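Asks: Dropping a structure here in structure tokens format, bear with me for questions.
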Amino acid sequence: MTEMAMPQSRARTGSSWLASVGQGRNLLGLIFMLPAAVFLLVFLTYPLGLGVWLGFTDTRIGRSGIFIGLENYQSLWGDHVFWLSVFNTVLYTTVASVLKFALGLWLALLLNQHMPFKAFFRAIVLLPWVVPTVLSAIAFWWIYDAQFSIVSWALVKLGLIDHYINFLGDTTNARAAVIAANVWRGIPFVAISLLAGLQTIPPSLHEAATLDGATPWQRFRYITLPMLTPIIAVVMTFSVLFTFTDFQLIYVLTRGGPLNATHLMATLSFQRAIPGGQLGEGAAIAVAMIPFLLAAILFSYFGLQRRRWQQGGAD
Amino acid sequence: MTISRRDVLLGGAGLAAGIAGSQLIGQGPAFAQAAPKFTPEKGASLRVLRWSPFVKGEEDAWLANTKKFTEATGIEVRIDKESWEDIRPKAAVAANVGSGPDIIWVWFDDAHQYPDKLLDVTPLANSLAQQYGGWYPGLEGYAKRDGKFIALPLSAIGNAICYRESWVKEAGFSEFPKDTKAFLELCKALKAKGHPAGFTLGHGVGDGNNFCHWVLWSHGGKVVDENGKVVVNSPETIEALKYARELYQTFIPGTESWLDVNNNRAFLAGEVSVTANGVSLYYAAKNDPKLADMAKDIKTTNMPIGPVGQSVELHQTTSAVIFKYTKFPQAAQAYLQFMYDKPQFDAWLEGASAYCCQPLKAFASNPVWTSDPVHAPYAKASETLRPNGYAGPLGYASAAVMADYIVVDMVAEAATGQRTPEEAAKRAEARANRYYRV
């Protein structure tokens, strides 16, 4: 009997182990999460960690570096081009994000109205967003060309100006021009996302408010905006992140010129790291973007947590 | 012992080439016989990464030569191409990871960024120099480090003044000025006639750097001295920047935003009368039936000579490097030796229609330079070029200074009047010092 029982008990032990794995929520959860975790570690954590590490080294192309502490950051501290790029990035992000939010919200409200061909207009609004950035940047390159700009041509023909606008040659014009191009490209993302948010607001709230004699502005201020705040927080966080890390538009339009007036931290980081060969310094510039990006994420996180703020109350 | 076709071809400096080379430069075949002989590894195949061609005939000729090599040796050669600005990052990645194409055509001082990753090709380079009259010193500087060749100079991509002859005559100049002073007067006269000049002052890797380095060097300025000490903030530089300020007044508006393509577009549209470019600008007009009249009116000449008294220009330069990681170093060297052999190299130069200037002096007699008067100034590119880190050593600092557009920004700041020449020179000095580490 005992001889017979042994294999059975072994089989039971094996199957119970499998059963415990199959039924244990924790272990099974871990196993299912493992591929995603490995993916994140390999493709996100490792490159980010490597970037941070490179920022503390003097690595150059073709030569592994040694740890030099904060030397890259000290060197950047005294570099006026770096500070100019920080200024440009903050200006670019702030102005473009505010404009994208204002115009995007306006567009979303318009698209939320009842109108003919609503689906068509909603689809077409997405065009600037779906066109590859490089293509739209090349289109803007022609639009802003010092000699062949269609805008300048039209204004000259209309008799409104007598010479072509120096869109990308003048430092102020160049900053405005790249911001305008970024806004054009970014509005659809904000508009369509906010439109989705608008559709979740129950019409009954607006009907009740209308019956109570609320003006359109009051309905917007006390119903639409508070109900939309959570999605605004998410959308604008993404929008700020995309704008802050913009690269292609600047690289195609100006390469950071004229006189570095449109150099963003991302473009300067590339210029120093790859064509310039200074991987350590380029990484340090990229790492210097992290505090700004973290601030944007934290702003969104706390914005989402504040129920009273979402509901239109004060903090 | 028999000499097979393979031996002849792979010897490069074997009988056929040796005789041709000796006829060309008047040297005895003794040099040719000293050429190294490479024995390709069994089963070798090669991968070459080159920049996308600017002149189709150049690529066609290179591919035809490669085909000849494959037919003669059985070695397959795959040629990939990338946009010229993408070569630098690709080559850098190949150097860093130790894997990639066997041969890459790199730009400027790229080879000096990772010299220890590159195959020493000194024997081959020396034999080619002996055979074909020697390398031009400027190009040799880009390929040589610590007395060893880490690359083979392939070509200078010549940059020259392109102008509209009729407009220059209309401005009262029977011939194009040779010095900077008269050049300024010409540009003023052209502007007065409604035909402004236009030179790139934006972050154009090629045209911006070419023009701005010429402004600086032609007046005796330089970024660093022979020891790598930053000396850009000098009276010569200030003079150069004052000159740039004056010249800028004669430009079409917007040149500070120009990248590499803008001057071509403006010139071909008849918006500017004078610019500086490779010969591709002329061919863009010549190959377009609508621009036939303009093509006849386009003339070329070298950049004017400044107070320094000699022709000094940057030009683009390209070299072929073989990476140490290649499994077929013998085959790679045999391939390059074959491609530099007179029949092949001559065909390549001709195919390039004066876009590529020879690195070896003996090829200066290539008929391409006399086939069209427009080509003539481009024939001197290899002779007049100065390395971008002039007068200091080439390396990461020289590359970083050029990649960061320090000279371009300095000239543009002063030219546009955004800074005084003194301020612009001081700012450039501070920026250059970050790389040359005072």
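Lettering and numbering for the structure tokens are positional, with chains as A, B, ... in the shown order, residues counted from 1 in each chain, and ligands counted from 1 in the shown order.
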Give the helix (DSSP H, G or I) residues of segment 19-224 of chain A, as DSSP finds them on the backbone, and put them as JSON, numbers by chain.

Replies: {"A": [19, 20, 21, 22, 23, 25, 26, 27, 28, 29, 30, 31, 32, 33, 34, 35, 36, 37, 38, 39, 40, 41, 42, 43, 44, 45, 46, 47, 48, 49, 50, 51, 52, 53, 54, 55, 71, 72, 73, 74, 75, 76, 77, 80, 81, 82, 83, 84, 85, 86, 87, 88, 89, 90, 91, 92, 93, 94, 95, 96, 97, 98, 99, 100, 101, 102, 103, 104, 105, 106, 107, 108, 109, 110, 111, 118, 119, 120, 121, 122, 123, 124, 125, 127, 128, 129, 130, 133, 134, 135, 136, 137, 138, 139, 140, 141, 142, 143, 150, 151, 152, 153, 154, 155, 156, 157, 171, 172, 173, 174, 175, 176, 177, 178, 179, 180, 181, 182, 183, 184, 185, 186, 187, 188, 189, 190, 191, 192, 193, 194, 195, 196, 197, 198, 199, 203, 204, 205, 206, 207, 208, 209, 210, 211, 216, 217, 218, 219, 220, 221, 222, 223, 224]}

Asks: Name all residues at most 9 Å from Leu91 of chain A (count only C-alpha atoms; drop same-chain ones fewer than 5 positions away) and give them as an MDAnalysis selection string.

Replies: chainID A and resid 86 96 175

Asks: Show which residues sit within 7 Å of segment 397-402 of chain B, as number ranges by chain. Count only C-alpha atoms, and ignore same-chain residues fewer than 3 positions away.

Replies: A: 276-277; B: 109, 388-389, 394, 405-406, 432, 435-436

Asks: How would the residues just picked look written out with N, CA, C and O atoms as a compact mmCIF listing (two decimals), in the first residue's frame?

Replies:
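Dumped everything to again39.txt:
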# COMPACT_ATOMS: atom_id res chain seq x y z
N GLY A 276 28.38 66.99 -33.04
CA GLY A 276 29.49 67.51 -32.24
C GLY A 276 30.31 66.42 -31.57
O GLY A 276 31.40 66.68 -31.08
N GLY A 277 29.77 65.22 -31.49
CA GLY A 277 30.52 64.09 -30.94
C GLY A 277 30.60 64.03 -29.43
O GLY A 277 31.21 63.13 -28.87
N ASP B 109 36.48 65.86 -40.38
CA ASP B 109 37.39 65.23 -39.41
C ASP B 109 36.74 64.07 -38.66
O ASP B 109 37.16 63.74 -37.56
N ASN B 388 39.07 72.15 -41.22
CA ASN B 388 38.18 73.01 -40.44
C ASN B 388 38.77 73.43 -39.09
O ASN B 388 38.37 74.44 -38.55
N GLY B 389 39.70 72.67 -38.57
CA GLY B 389 40.28 73.05 -37.28
C GLY B 389 41.52 73.91 -37.42
O GLY B 389 42.27 74.09 -36.46
N LEU B 394 43.41 68.36 -35.61
CA LEU B 394 42.05 67.89 -35.82
C LEU B 394 41.69 66.92 -34.70
O LEU B 394 42.55 66.21 -34.19
N TYR B 405 28.48 75.39 -34.93
CA TYR B 405 28.34 76.59 -35.77
C TYR B 405 28.95 77.82 -35.12
O TYR B 405 28.40 78.92 -35.22
N ILE B 406 30.07 77.65 -34.44
CA ILE B 406 30.64 78.79 -33.72
C ILE B 406 31.10 79.87 -34.69
O ILE B 406 30.84 81.06 -34.48
N ALA B 432 34.37 78.59 -28.07
CA ALA B 432 35.44 77.69 -28.54
C ALA B 432 36.26 77.18 -27.36
O ALA B 432 36.69 76.02 -27.34
N TYR B 435 35.42 73.93 -25.73
CA TYR B 435 35.85 72.67 -26.36
C TYR B 435 37.36 72.49 -26.30
O TYR B 435 37.84 71.39 -26.13
N TYR B 436 38.07 73.59 -26.46
CA TYR B 436 39.52 73.46 -26.41
C TYR B 436 40.03 73.56 -24.98
O TYR B 436 41.23 73.52 -24.73

Asks: At a cut-off of 9 Å, which residues of chain A touch chain B? Count only C-alpha atoms and give the answer as an NGL selection string.

Replies: :A and (60-64 or 75 or 79-81 or 145-148 or 164-170 or 174 or 253-260 or 268 or 271-272 or 274-278)

Asks: For the selection just defined, write its residues with N, CA and C atoms to a file, as an mmCIF file, in the first residue's frame.

Replies:
data_model
loop_
_atom_site.group_PDB
_atom_site.id
_atom_site.type_symbol
_atom_site.label_atom_id
_atom_site.label_comp_id
_atom_site.auth_asym_id
_atom_site.auth_seq_id
_atom_site.Cartn_x
_atom_site.Cartn_y
_atom_site.Cartn_z
ATOM 1 N N ARG A 60 32.631 60.473 -25.474
ATOM 2 C CA ARG A 60 32.547 61.071 -26.804
ATOM 3 C C ARG A 60 32.318 59.955 -27.799
ATOM 4 N N ILE A 61 31.948 60.359 -29.011
ATOM 5 C CA ILE A 61 31.735 59.342 -30.042
ATOM 6 C C ILE A 61 33.040 58.592 -30.259
ATOM 7 N N GLY A 62 32.957 57.276 -30.181
ATOM 8 C CA GLY A 62 34.145 56.465 -30.425
ATOM 9 C C GLY A 62 35.054 56.327 -29.225
ATOM 10 N N ARG A 63 34.659 56.885 -28.082
ATOM 11 C CA ARG A 63 35.523 56.776 -26.900
ATOM 12 C C ARG A 63 34.640 56.703 -25.671
ATOM 13 N N SER A 64 34.756 55.606 -24.927
ATOM 14 C CA SER A 64 33.946 55.513 -23.712
ATOM 15 C C SER A 64 34.515 56.479 -22.681
ATOM 16 N N SER A 75 29.908 73.083 -16.824
ATOM 17 C CA SER A 75 30.289 73.682 -18.097
ATOM 18 C C SER A 75 29.069 74.314 -18.769
ATOM 19 N N ASP A 79 27.477 78.378 -20.193
ATOM 20 C CA ASP A 79 27.345 78.400 -21.654
ATOM 21 C C ASP A 79 26.100 79.198 -22.039
ATOM 22 N N HIS A 80 26.306 80.351 -22.673
ATOM 23 C CA HIS A 80 25.145 81.206 -22.963
ATOM 24 C C HIS A 80 24.217 80.594 -23.997
ATOM 25 N N VAL A 81 24.765 79.727 -24.867
ATOM 26 C CA VAL A 81 23.893 79.085 -25.859
ATOM 27 C C VAL A 81 22.931 78.111 -25.159
ATOM 28 N N ASP A 145 9.736 80.772 -46.383
ATOM 29 C CA ASP A 145 10.954 81.057 -47.136
ATOM 30 C C ASP A 145 11.119 82.561 -47.335
ATOM 31 N N ALA A 146 12.364 83.003 -47.189
ATOM 32 C CA ALA A 146 12.630 84.444 -47.286
ATOM 33 C C ALA A 146 12.332 84.973 -48.683
ATOM 34 N N GLN A 147 12.476 84.122 -49.708
ATOM 35 C CA GLN A 147 12.287 84.597 -51.081
ATOM 36 C C GLN A 147 10.974 84.116 -51.712
ATOM 37 N N PHE A 148 10.455 82.983 -51.253
ATOM 38 C CA PHE A 148 9.337 82.378 -51.975
ATOM 39 C C PHE A 148 8.086 82.181 -51.118
ATOM 40 N N TYR A 164 9.160 91.345 -48.809
ATOM 41 C CA TYR A 164 8.885 90.032 -48.218
ATOM 42 C C TYR A 164 9.253 90.006 -46.732
ATOM 43 N N ILE A 165 8.456 89.259 -45.972
ATOM 44 C CA ILE A 165 8.713 89.161 -44.525
ATOM 45 C C ILE A 165 9.879 88.209 -44.290
ATOM 46 N N ASN A 166 10.760 88.629 -43.408
ATOM 47 C CA ASN A 166 11.919 87.793 -43.086
ATOM 48 C C ASN A 166 11.525 86.840 -41.953
ATOM 49 N N PHE A 167 10.727 85.840 -42.294
ATOM 50 C CA PHE A 167 10.142 84.971 -41.267
ATOM 51 C C PHE A 167 11.187 84.286 -40.393
ATOM 52 N N LEU A 168 12.149 83.644 -41.037
ATOM 53 C CA LEU A 168 13.080 82.820 -40.254
ATOM 54 C C LEU A 168 14.442 83.480 -40.077
ATOM 55 N N GLY A 169 14.614 84.680 -40.595
ATOM 56 C CA GLY A 169 15.902 85.362 -40.467
ATOM 57 C C GLY A 169 15.964 86.274 -39.256
ATOM 58 N N ASP A 170 14.855 86.890 -38.935
ATOM 59 C CA ASP A 170 14.801 87.767 -37.769
ATOM 60 C C ASP A 170 14.523 86.911 -36.535
ATOM 61 N N ALA A 174 11.375 84.522 -36.190
ATOM 62 C CA ALA A 174 11.655 83.087 -36.269
ATOM 63 C C ALA A 174 11.001 82.359 -35.105
ATOM 64 N N LEU A 253 13.129 73.321 -40.050
ATOM 65 C CA LEU A 253 12.898 74.734 -40.378
ATOM 66 C C LEU A 253 14.140 75.608 -40.231
ATOM 67 N N THR A 254 14.831 75.470 -39.130
ATOM 68 C CA THR A 254 15.902 76.447 -38.839
ATOM 69 C C THR A 254 17.220 75.838 -38.386
ATOM 70 N N ARG A 255 17.213 74.598 -37.972
ATOM 71 C CA ARG A 255 18.402 73.979 -37.348
ATOM 72 C C ARG A 255 18.857 74.782 -36.143
ATOM 73 N N GLY A 256 17.923 75.437 -35.495
ATOM 74 C CA GLY A 256 18.281 76.196 -34.288
ATOM 75 C C GLY A 256 18.593 77.647 -34.584
ATOM 76 N N GLY A 257 18.801 77.968 -35.848
ATOM 77 C CA GLY A 257 19.126 79.349 -36.202
ATOM 78 C C GLY A 257 17.875 80.201 -36.219
ATOM 79 N N PRO A 258 17.907 81.445 -36.542
ATOM 80 C CA PRO A 258 19.120 82.225 -36.774
ATOM 81 C C PRO A 258 19.758 82.629 -35.451
ATOM 82 N N LEU A 259 21.044 82.549 -35.404
ATOM 83 C CA LEU A 259 21.820 82.911 -34.210
ATOM 84 C C LEU A 259 21.310 82.176 -32.977
ATOM 85 N N ASN A 260 20.944 80.923 -33.141
ATOM 86 C CA ASN A 260 20.479 80.047 -32.063
ATOM 87 C C ASN A 260 19.163 80.502 -31.429
ATOM 88 N N LEU A 268 19.527 71.245 -29.333
ATOM 89 C CA LEU A 268 20.906 71.513 -28.904
ATOM 90 C C LEU A 268 21.560 70.221 -28.404
ATOM 91 N N GLN A 271 22.588 68.323 -31.425
ATOM 92 C CA GLN A 271 23.706 68.979 -32.120
ATOM 93 C C GLN A 271 25.033 68.736 -31.396
ATOM 94 N N ARG A 272 24.982 68.826 -30.075
ATOM 95 C CA ARG A 272 26.221 68.631 -29.315
ATOM 96 C C ARG A 272 26.621 67.148 -29.284
ATOM 97 N N ILE A 274 25.631 64.372 -31.338
ATOM 98 C CA ILE A 274 25.897 63.574 -32.540
ATOM 99 C C ILE A 274 26.826 64.292 -33.517
ATOM 100 N N PRO A 275 26.394 65.394 -34.161
ATOM 101 C CA PRO A 275 27.377 66.040 -35.047
ATOM 102 C C PRO A 275 28.598 66.538 -34.268
ATOM 103 N N GLY A 276 28.382 66.992 -33.043
ATOM 104 C CA GLY A 276 29.488 67.510 -32.242
ATOM 105 C C GLY A 276 30.311 66.421 -31.569
ATOM 106 N N GLY A 277 29.768 65.222 -31.487
ATOM 107 C CA GLY A 277 30.519 64.093 -30.941
ATOM 108 C C GLY A 277 30.598 64.034 -29.425
ATOM 109 N N GLN A 278 29.984 64.991 -28.733
ATOM 110 C CA GLN A 278 30.108 65.021 -27.266
ATOM 111 C C GLN A 278 28.879 64.394 -26.628
#

Asks: Just the residues within 6 Å of Ser45 of chain B, please, counting only C-alpha atoms, with nothing from its chain fewer than 2 positions along; format it as a compact mmCIF listing (two decimals) with all heavy atoms, in the first residue's frame.

Replies:
# COMPACT_ATOMS: atom_id res chain seq x y z
N ILE B 75 34.13 39.14 -55.49
CA ILE B 75 33.73 39.69 -54.18
C ILE B 75 32.51 40.58 -54.36
O ILE B 75 32.55 41.56 -55.10
CB ILE B 75 34.89 40.50 -53.55
CG1 ILE B 75 36.09 39.59 -53.31
CG2 ILE B 75 34.44 41.17 -52.26
CD1 ILE B 75 37.34 40.34 -52.92
N GLU B 76 31.44 40.19 -53.69
CA GLU B 76 30.22 41.00 -53.76
C GLU B 76 30.39 42.26 -52.91
O GLU B 76 30.90 42.20 -51.79
CB GLU B 76 29.02 40.20 -53.23
CG GLU B 76 28.57 39.06 -54.15
CD GLU B 76 28.04 39.57 -55.49
OE1 GLU B 76 27.50 40.69 -55.53
OE2 GLU B 76 28.18 38.84 -56.51
N VAL B 77 29.98 43.38 -53.48
CA VAL B 77 30.06 44.64 -52.72
C VAL B 77 28.67 45.26 -52.70
O VAL B 77 28.11 45.56 -53.75
CB VAL B 77 31.06 45.63 -53.36
CG1 VAL B 77 31.16 46.90 -52.52
CG2 VAL B 77 32.42 44.98 -53.53

Asks: Could you work out how far atom CA of Trp129 of chain A lies from atom CA of Ile290 of chain A, giving the answer in Å with one decimal?

Replies: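 If I compute the distance from atom CA of Ile290 of chain A to atom CA of Trp129 of chain A, I get 25.3 Å.
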
Asks: Compile the contact shell of segment 354-369 of chain B as a tab-separated table (two decimals) with C-alpha atoms, in the first residue's frame: residues with an atom at most 6 Å away, counting only C-alpha atoms, same-chain residues fewer than 5 positions apart removed.

Replies:
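Output file out39.tsv is given in full below:
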chain	number	residue	atom	x	y	z
B	132	TYR	CA	49.89	59.38	-58.33
B	133	GLY	CA	51.98	62.38	-57.38
B	134	GLY	CA	51.08	62.59	-53.71
B	135	TRP	CA	48.04	63.62	-51.69
B	136	TYR	CA	47.03	67.24	-51.41
B	153	PRO	CA	41.15	60.91	-48.77
B	154	LEU	CA	38.51	60.49	-51.40
B	155	SER	CA	37.57	63.91	-52.59
B	156	ALA	CA	37.07	67.57	-51.91
B	157	ILE	CA	33.61	68.75	-52.84
B	279	VAL	CA	29.00	72.73	-59.37
B	375	HIS	CA	34.48	73.39	-64.02
B	376	ALA	CA	37.85	75.09	-63.81
B	379	ALA	CA	39.69	71.83	-59.95

Asks: To one decimal place, how far is atom CA of Ser218 of chain B from atom CA of Glu236 of chain B in Å?

Replies: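 Taking atom CA of Ser218 of chain B and atom CA of Glu236 of chain B, their separation equals 9.3 Å.
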
Asks: For a test of reading the model, state the distance in Å between atom CA of Gln316 of chain B and atom CA of Leu124 of chain B, rounded to one decimal.

Replies: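 Going from atom CA of Gln316 of chain B over to atom CA of Leu124 of chain B covers 23.3 Å.
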
Asks: Quick one: residues within 10 Å of Leu336 of chain B, only C-alpha atoms counted, chain neighbours fewer than 4 positions away excluded, as a PyMOL selection string?

Replies: chain B and resi 10+12+66+69+103+124+152+154+320-322+331-332+340-341

Asks: Take the residues that were just selected and, keeping C-alpha atoms, output them as a PDB file, in the first residue's frame.

Replies:
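After the write, result04.pdb holds the following:
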ATOM      1  CA  LEU B  10      44.144  43.388 -57.023  1.00  0.00           C
ATOM      2  CA  GLY B  12      46.227  47.919 -58.245  1.00  0.00           C
ATOM      3  CA  THR B  66      32.402  48.344 -58.276  1.00  0.00           C
ATOM      4  CA  PHE B  69      35.760  44.801 -59.183  1.00  0.00           C
ATOM      5  CA  ILE B 103      33.811  50.904 -45.439  1.00  0.00           C
ATOM      6  CA  LEU B 124      48.096  51.585 -49.258  1.00  0.00           C
ATOM      7  CA  LEU B 152      41.992  57.388 -47.574  1.00  0.00           C
ATOM      8  CA  LEU B 154      38.507  60.487 -51.401  1.00  0.00           C
ATOM      9  CA  ALA B 320      36.921  56.436 -47.063  1.00  0.00           C
ATOM     10  CA  VAL B 321      37.524  54.626 -43.791  1.00  0.00           C
ATOM     11  CA  ILE B 322      37.767  50.912 -43.129  1.00  0.00           C
ATOM     12  CA  ALA B 331      39.283  42.574 -49.392  1.00  0.00           C
ATOM     13  CA  ALA B 332      38.344  46.081 -48.243  1.00  0.00           C
ATOM     14  CA  TYR B 340      41.801  54.420 -56.839  1.00  0.00           C
ATOM     15  CA  ASP B 341      43.439  52.821 -59.811  1.00  0.00           C
TER      16      ASP B 341
END

Asks: Taking the DSSP secondary structure from the backbone, can you list the residues of segment 50-119 of chain A that are strand (DSSP E or B), as an MDAnalysis selection string?

Replies: chainID A and resid 57 60 63 67

Asks: Just want the 12 Å neighbourhood of Trp153 of chain A, counted on only C-alpha atoms, with same-chain residues fewer than 2 positions away dropped. Output as a VMD selection string.

Replies: chain A and resid 142 to 151 155 to 165
